[in-house]
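Colleague: Questions regarding the structure given below will be posed in turn.
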Amino acid sequence: MATAAPSAASRIAVVTGASSGIGAATARRLAAAGYRVVLTARRKDRIEALAEEIGAAGHQATAYALDVTDRAAVDEFATAFRTIGVLVNNAGGALGADPVATGDPADWRTMYETNVIGTLNLTQALLPKLVASGDGTVVVVSSTAGHGTYEGGAGYVAAKHGAHVLAETLRLEIVGQPVRVIEIAPGMVRTDEFALTRFGGDTEKAARVYEGVAEPLTADDVADTITWAVSRPSHVNIDLLVVRPRAQASNTKVHREL
């Protein structure tokens, strides 16, 4: 079934972490669905190139270099808008896979700042603009790590649990306002950077995450899911959508053909 184009009052979609992976794929998908996408990330060259790509495809995109953990910069960014229709809180990521006993507190702090405080910063700054649109949507891209723990993942798991609770609590607090709160929780997604960043650039460790898994999710699979959830009729709220590859039954049970 074809999806109706977004209304003029709600056609601006801000996507954080749009320089690669799920964020970039989501920006492409939302632009193709009729949204004017605003791409934010720290890597200005990446989002400018993506904005050009989206524009060349006949859609609308603007790049804005932004560190979601910098509250002053986020507040300044928010002044550019009177209303927006969609905020996709995608910026985040994992660092390390050490046990609690030896985990690096600096890594934990960075993960919490990006995954939780970054989401809080953007949501607080743009919530009035979403309400003003009369038809707003906040998307929090969490993870299955936000719904179940696993050994060696406590720092990331704690951060994503925080993102999950933020979304769940916000939905309770703003019920009655014209804003939906959607949480998308992906499982195993193979992107160019996620595992490589987690393991400090160690390509062998990054490759082992996906070893023997025939078809992990792709960034575009998750972007398709986000766009579907956002484009439901205004009265339909997809509270939580967990999406995994068929080969993954849980965070710790994955079918591998080795």
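In the structure tokens, chains take letters A, B, ... by order of appearance, with residues numbered from 1 within each chain and ligands from 1 in the order shown.
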Among the residues of range 76-221 of chain A, find those DSSP assigns to helix (DSSP H, G or I) from the backbone and print them as a PyMOL selection string.

Modeller: chain A and resi 76-78+105-133+144-146+154-173+194-198+203-209+219-221

Colleague: Which residues of range 107-144 of chain A come within 12 Å of range 198-203 of chain A, and what is each one's closest atom pair and distance in Å (one decimal), counting only C-alpha atoms, sorted by chain and residue number, as JSON lines?

Modeller:
{"residue": "A:Asp107", "atom": "CA", "partner": "A:Arg198", "partner_atom": "CA", "distance": 9.9}
{"residue": "A:Trp108", "atom": "CA", "partner": "A:Arg198", "partner_atom": "CA", "distance": 11.8}
{"residue": "A:Thr110", "atom": "CA", "partner": "A:Arg198", "partner_atom": "CA", "distance": 11.9}
{"residue": "A:Met111", "atom": "CA", "partner": "A:Arg198", "partner_atom": "CA", "distance": 10.5}

Colleague: For Gly55 in chain A, list every protein, DNA or RNA residue within 12 Å, evaluated using only C-alpha atoms, and leave out those in the same chain fewer than 5 positions away; present the list as a PyMOL selection string.

Modeller: chain A and resi 27-28+31-32+36-38+48-50+60-63

Colleague: What does the file look like for those residues with C-alpha atoms, as a PDB file, in the first residue's frame?

Modeller:
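Saved the output as selection-v1.pdb:
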ATOM      1  CA  ALA A  27      18.264   9.771   5.680  1.00  0.00           C
ATOM      2  CA  ARG A  28      18.123   8.313   2.167  1.00  0.00           C
ATOM      3  CA  ALA A  31      14.173  11.709   1.738  1.00  0.00           C
ATOM      4  CA  ALA A  32      12.759   9.285  -0.815  1.00  0.00           C
ATOM      5  CA  ARG A  36      13.301  17.243   3.802  1.00  0.00           C
ATOM      6  CA  VAL A  37      16.072  15.621   5.790  1.00  0.00           C
ATOM      7  CA  VAL A  38      18.511  17.472   8.020  1.00  0.00           C
ATOM      8  CA  GLU A  48      27.811  17.155   3.008  1.00  0.00           C
ATOM      9  CA  ALA A  49      28.566  14.414   0.483  1.00  0.00           C
ATOM     10  CA  LEU A  50      25.385  12.588   1.506  1.00  0.00           C
ATOM     11  CA  GLN A  60      15.865  17.608  -0.236  1.00  0.00           C
ATOM     12  CA  ALA A  61      18.691  17.412   2.286  1.00  0.00           C
ATOM     13  CA  THR A  62      20.735  19.803   4.413  1.00  0.00           C
ATOM     14  CA  ALA A  63      23.953  18.991   6.258  1.00  0.00           C
TER      15      ALA A  63
END

Colleague: Range 206-214 of chain A: which residues within 10 Å, counting only C-alpha atoms, same-chain residues fewer than 5 positions away excluded, as a ChimeraX atom specification?

Modeller: /A:188-190,192-201,245-248,254-258

Colleague: As an MDAnalysis selection string, list the residues of range 115-205 of chain A assigned to strand (DSSP E) by DSSP on the backbone atoms of this structure.

Modeller: chainID A and resid 136:141 179:186

Colleague: With all heavy atoms retained, write the just-selected residues as a short mmCIF file (atom, residue, chain, number, x, y, z; two decimals), in the first residue's frame.

Modeller:
data_model
loop_
_atom_site.label_atom_id
_atom_site.label_comp_id
_atom_site.auth_asym_id
_atom_site.auth_seq_id
_atom_site.Cartn_x
_atom_site.Cartn_y
_atom_site.Cartn_z
N GLY A 136 4.14 15.33 15.39
CA GLY A 136 5.56 15.03 15.50
C GLY A 136 5.84 13.58 15.85
O GLY A 136 4.98 12.86 16.37
N THR A 137 7.07 13.16 15.58
CA THR A 137 7.51 11.81 15.92
C THR A 137 8.94 11.83 16.41
O THR A 137 9.83 12.38 15.74
CB THR A 137 7.44 10.87 14.69
OG1 THR A 137 6.10 10.83 14.18
CG2 THR A 137 7.89 9.46 15.07
N VAL A 138 9.17 11.26 17.58
CA VAL A 138 10.52 11.04 18.09
C VAL A 138 10.84 9.57 17.91
O VAL A 138 10.08 8.70 18.35
CB VAL A 138 10.63 11.39 19.59
CG1 VAL A 138 12.03 11.04 20.12
CG2 VAL A 138 10.32 12.86 19.83
N VAL A 139 11.95 9.30 17.24
CA VAL A 139 12.43 7.92 17.10
C VAL A 139 13.72 7.78 17.91
O VAL A 139 14.62 8.61 17.80
CB VAL A 139 12.72 7.56 15.63
CG1 VAL A 139 13.28 6.14 15.53
CG2 VAL A 139 11.47 7.72 14.78
N VAL A 140 13.77 6.76 18.73
CA VAL A 140 15.00 6.41 19.45
C VAL A 140 15.49 5.09 18.89
O VAL A 140 14.79 4.07 18.98
CB VAL A 140 14.76 6.30 20.96
CG1 VAL A 140 16.03 5.81 21.67
CG2 VAL A 140 14.33 7.64 21.54
N VAL A 141 16.66 5.11 18.27
CA VAL A 141 17.26 3.87 17.78
C VAL A 141 18.09 3.30 18.92
O VAL A 141 19.17 3.79 19.24
CB VAL A 141 18.14 4.12 16.54
CG1 VAL A 141 18.73 2.79 16.03
CG2 VAL A 141 17.32 4.79 15.43
N VAL A 179 2.60 14.11 19.59
CA VAL A 179 3.94 13.57 19.29
C VAL A 179 3.97 12.09 19.65
O VAL A 179 3.61 11.71 20.77
CB VAL A 179 5.04 14.32 20.09
CG1 VAL A 179 6.41 13.72 19.78
CG2 VAL A 179 5.04 15.81 19.78
N ARG A 180 4.40 11.28 18.70
CA ARG A 180 4.59 9.86 18.95
C ARG A 180 6.02 9.61 19.40
O ARG A 180 6.93 10.35 19.04
CB ARG A 180 4.32 9.05 17.67
CG ARG A 180 2.93 9.23 17.12
CD ARG A 180 2.74 8.44 15.83
NE ARG A 180 3.64 8.90 14.76
CZ ARG A 180 3.68 8.36 13.54
NH1 ARG A 180 2.88 7.34 13.25
NH2 ARG A 180 4.49 8.83 12.62
N VAL A 181 6.22 8.55 20.17
CA VAL A 181 7.57 8.13 20.58
C VAL A 181 7.74 6.68 20.16
O VAL A 181 7.04 5.79 20.65
CB VAL A 181 7.79 8.28 22.09
CG1 VAL A 181 9.21 7.85 22.46
CG2 VAL A 181 7.54 9.72 22.53
N ILE A 182 8.68 6.46 19.25
CA ILE A 182 8.91 5.15 18.66
C ILE A 182 10.31 4.69 19.03
O ILE A 182 11.28 5.44 18.90
CB ILE A 182 8.78 5.21 17.13
CG1 ILE A 182 7.34 5.56 16.72
CG2 ILE A 182 9.24 3.92 16.47
CD1 ILE A 182 7.17 5.87 15.25
N GLU A 183 10.43 3.45 19.47
CA GLU A 183 11.75 2.86 19.71
C GLU A 183 11.97 1.73 18.73
O GLU A 183 11.16 0.81 18.62
CB GLU A 183 11.87 2.34 21.14
CG GLU A 183 13.23 1.71 21.42
CD GLU A 183 13.32 1.05 22.78
OE1 GLU A 183 12.38 1.19 23.59
OE2 GLU A 183 14.34 0.37 23.03
N ILE A 184 13.08 1.80 18.01
CA ILE A 184 13.51 0.73 17.11
C ILE A 184 14.74 0.08 17.72
O ILE A 184 15.73 0.76 18.00
CB ILE A 184 13.84 1.26 15.70
CG1 ILE A 184 12.66 2.06 15.12
CG2 ILE A 184 14.25 0.11 14.79
CD1 ILE A 184 11.42 1.25 14.85
N ALA A 185 14.66 -1.22 17.95
CA ALA A 185 15.75 -1.94 18.62
C ALA A 185 16.33 -3.00 17.68
O ALA A 185 15.83 -4.13 17.63
CB ALA A 185 15.25 -2.58 19.91
N PRO A 186 17.37 -2.67 16.93
CA PRO A 186 17.98 -3.64 16.02
C PRO A 186 18.86 -4.64 16.76
O PRO A 186 19.47 -4.32 17.79
CB PRO A 186 18.83 -2.78 15.08
CG PRO A 186 18.45 -1.36 15.36
CD PRO A 186 17.98 -1.34 16.78
#

Colleague: Would you mind listing, for every residue of range 57-133 of chain A within 7 Å of range 157-163 of chain A, the two atoms forming the shortest contact and the distance between them in Å to one decimal, using only C-alpha atoms, sorted by chain and ascending residue number, as a tab-separated table?

Modeller:
residue	atom	partner	partner_atom	distance
A:Met111	CA	A:Ala159	CA	6.2
A:Tyr112	CA	A:Ala159	CA	5.0
A:Asn115	CA	A:Ala159	CA	6.1
A:Val116	CA	A:Ala163	CA	5.3

Colleague: Counting only C-alpha atoms, figure out which residue out of A:Ala91, A:Val86, A:Val175, A:Ala97 gets nearest to Gly155 in chain A.

Modeller: A:Ala97

Colleague: If you measure from CA of Arg232 in chain A to CA of Ala57 in chain A, what distance in Å do you get, rounded to one decimal?

Modeller: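 CA of Ala57 in chain A lies at a distance of 24.1 Å from CA of Arg232 in chain A.
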
Colleague: Choose the residue, out of A:Asp45, A:Arg109, A:Leu126, A:Arg71, that has the smallest atom-to-atom separation from Val14 in chain A; count only C-alpha atoms.

Modeller: A:Leu126

Colleague: Rounded to one decimal place, report the CA of Glu168 in chain A-CA of Thr218 in chain A distance in Å.

Modeller: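 Result for CA of Glu168 in chain A versus CA of Thr218 in chain A: 25.7 Å, one decimal.
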
Colleague: Given the choices A:Ser19, A:Leu127, A:Asp135, A:Arg46, which gets closest to Pro233 in chain A if the distance is worked out from only C-alpha atoms?

Modeller: A:Asp135

Colleague: List the neighbours of Thr40 in chain A out to 8 Å using only C-alpha atoms; skip same-chain residues closer than 5 positions along the sequence, and give me the result as an mmCIF file with N, CA, C and O atoms, in the first residue's frame.

Modeller:
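And here is the file that came out, part36.cif:
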data_model
loop_
_atom_site.group_PDB
_atom_site.id
_atom_site.type_symbol
_atom_site.label_atom_id
_atom_site.label_comp_id
_atom_site.auth_asym_id
_atom_site.auth_seq_id
_atom_site.Cartn_x
_atom_site.Cartn_y
_atom_site.Cartn_z
ATOM 1 N N VAL A 14 14.944 15.390 11.156
ATOM 2 C CA VAL A 14 16.320 15.521 11.623
ATOM 3 C C VAL A 14 16.838 14.124 11.944
ATOM 4 O O VAL A 14 16.196 13.369 12.694
ATOM 5 N N VAL A 15 17.993 13.772 11.388
ATOM 6 C CA VAL A 15 18.593 12.463 11.622
ATOM 7 C C VAL A 15 19.979 12.669 12.216
ATOM 8 O O VAL A 15 20.843 13.302 11.591
ATOM 9 N N THR A 16 20.206 12.154 13.415
ATOM 10 C CA THR A 16 21.531 12.267 14.027
ATOM 11 C C THR A 16 22.379 11.054 13.646
ATOM 12 O O THR A 16 21.859 9.996 13.295
ATOM 13 N N GLY A 17 23.685 11.230 13.723
ATOM 14 C CA GLY A 17 24.573 10.138 13.342
ATOM 15 C C GLY A 17 24.398 9.746 11.888
ATOM 16 O O GLY A 17 24.466 8.567 11.530
ATOM 17 N N ALA A 18 24.213 10.759 11.027
ATOM 18 C CA ALA A 18 23.855 10.500 9.628
ATOM 19 C C ALA A 18 25.054 10.331 8.711
ATOM 20 O O ALA A 18 24.883 10.227 7.496
ATOM 21 N N SER A 19 26.263 10.290 9.259
ATOM 22 C CA SER A 19 27.452 10.223 8.407
ATOM 23 C C SER A 19 27.736 8.831 7.867
ATOM 24 O O SER A 19 28.536 8.683 6.931
ATOM 25 N N ILE A 47 28.557 14.138 5.796
ATOM 26 C CA ILE A 47 27.145 14.511 5.655
ATOM 27 C C ILE A 47 26.934 15.480 4.488
ATOM 28 O O ILE A 47 25.869 15.476 3.857
ATOM 29 N N ALA A 63 22.950 19.525 5.332
ATOM 30 C CA ALA A 63 23.953 18.991 6.258
ATOM 31 C C ALA A 63 24.260 20.016 7.344
ATOM 32 O O ALA A 63 24.385 21.215 7.054
ATOM 33 N N TYR A 64 24.397 19.548 8.582
ATOM 34 C CA TYR A 64 24.713 20.428 9.707
ATOM 35 C C TYR A 64 25.651 19.674 10.636
ATOM 36 O O TYR A 64 25.237 18.707 11.280
ATOM 37 N N ALA A 65 26.898 20.096 10.692
ATOM 38 C CA ALA A 65 27.877 19.434 11.566
ATOM 39 C C ALA A 65 27.501 19.665 13.029
ATOM 40 O O ALA A 65 27.306 20.809 13.450
ATOM 41 N N LEU A 66 27.395 18.580 13.792
ATOM 42 C CA LEU A 66 26.907 18.696 15.169
ATOM 43 C C LEU A 66 27.408 17.529 16.012
ATOM 44 O O LEU A 66 27.353 16.380 15.595
#

Colleague: Nearest to Arg42 in chain A: which of A:Ile12, A:Val74, A:Ala56, A:Val165 is it, counting only C-alpha atoms?

Modeller: A:Val74

Colleague: Could you work out how far CA of Thr119 in chain A lies from CA of Asn89 in chain A, giving the answer in Å with one decimal?

Modeller: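 Separation of CA of Asn89 in chain A and CA of Thr119 in chain A: 5.7 Å.
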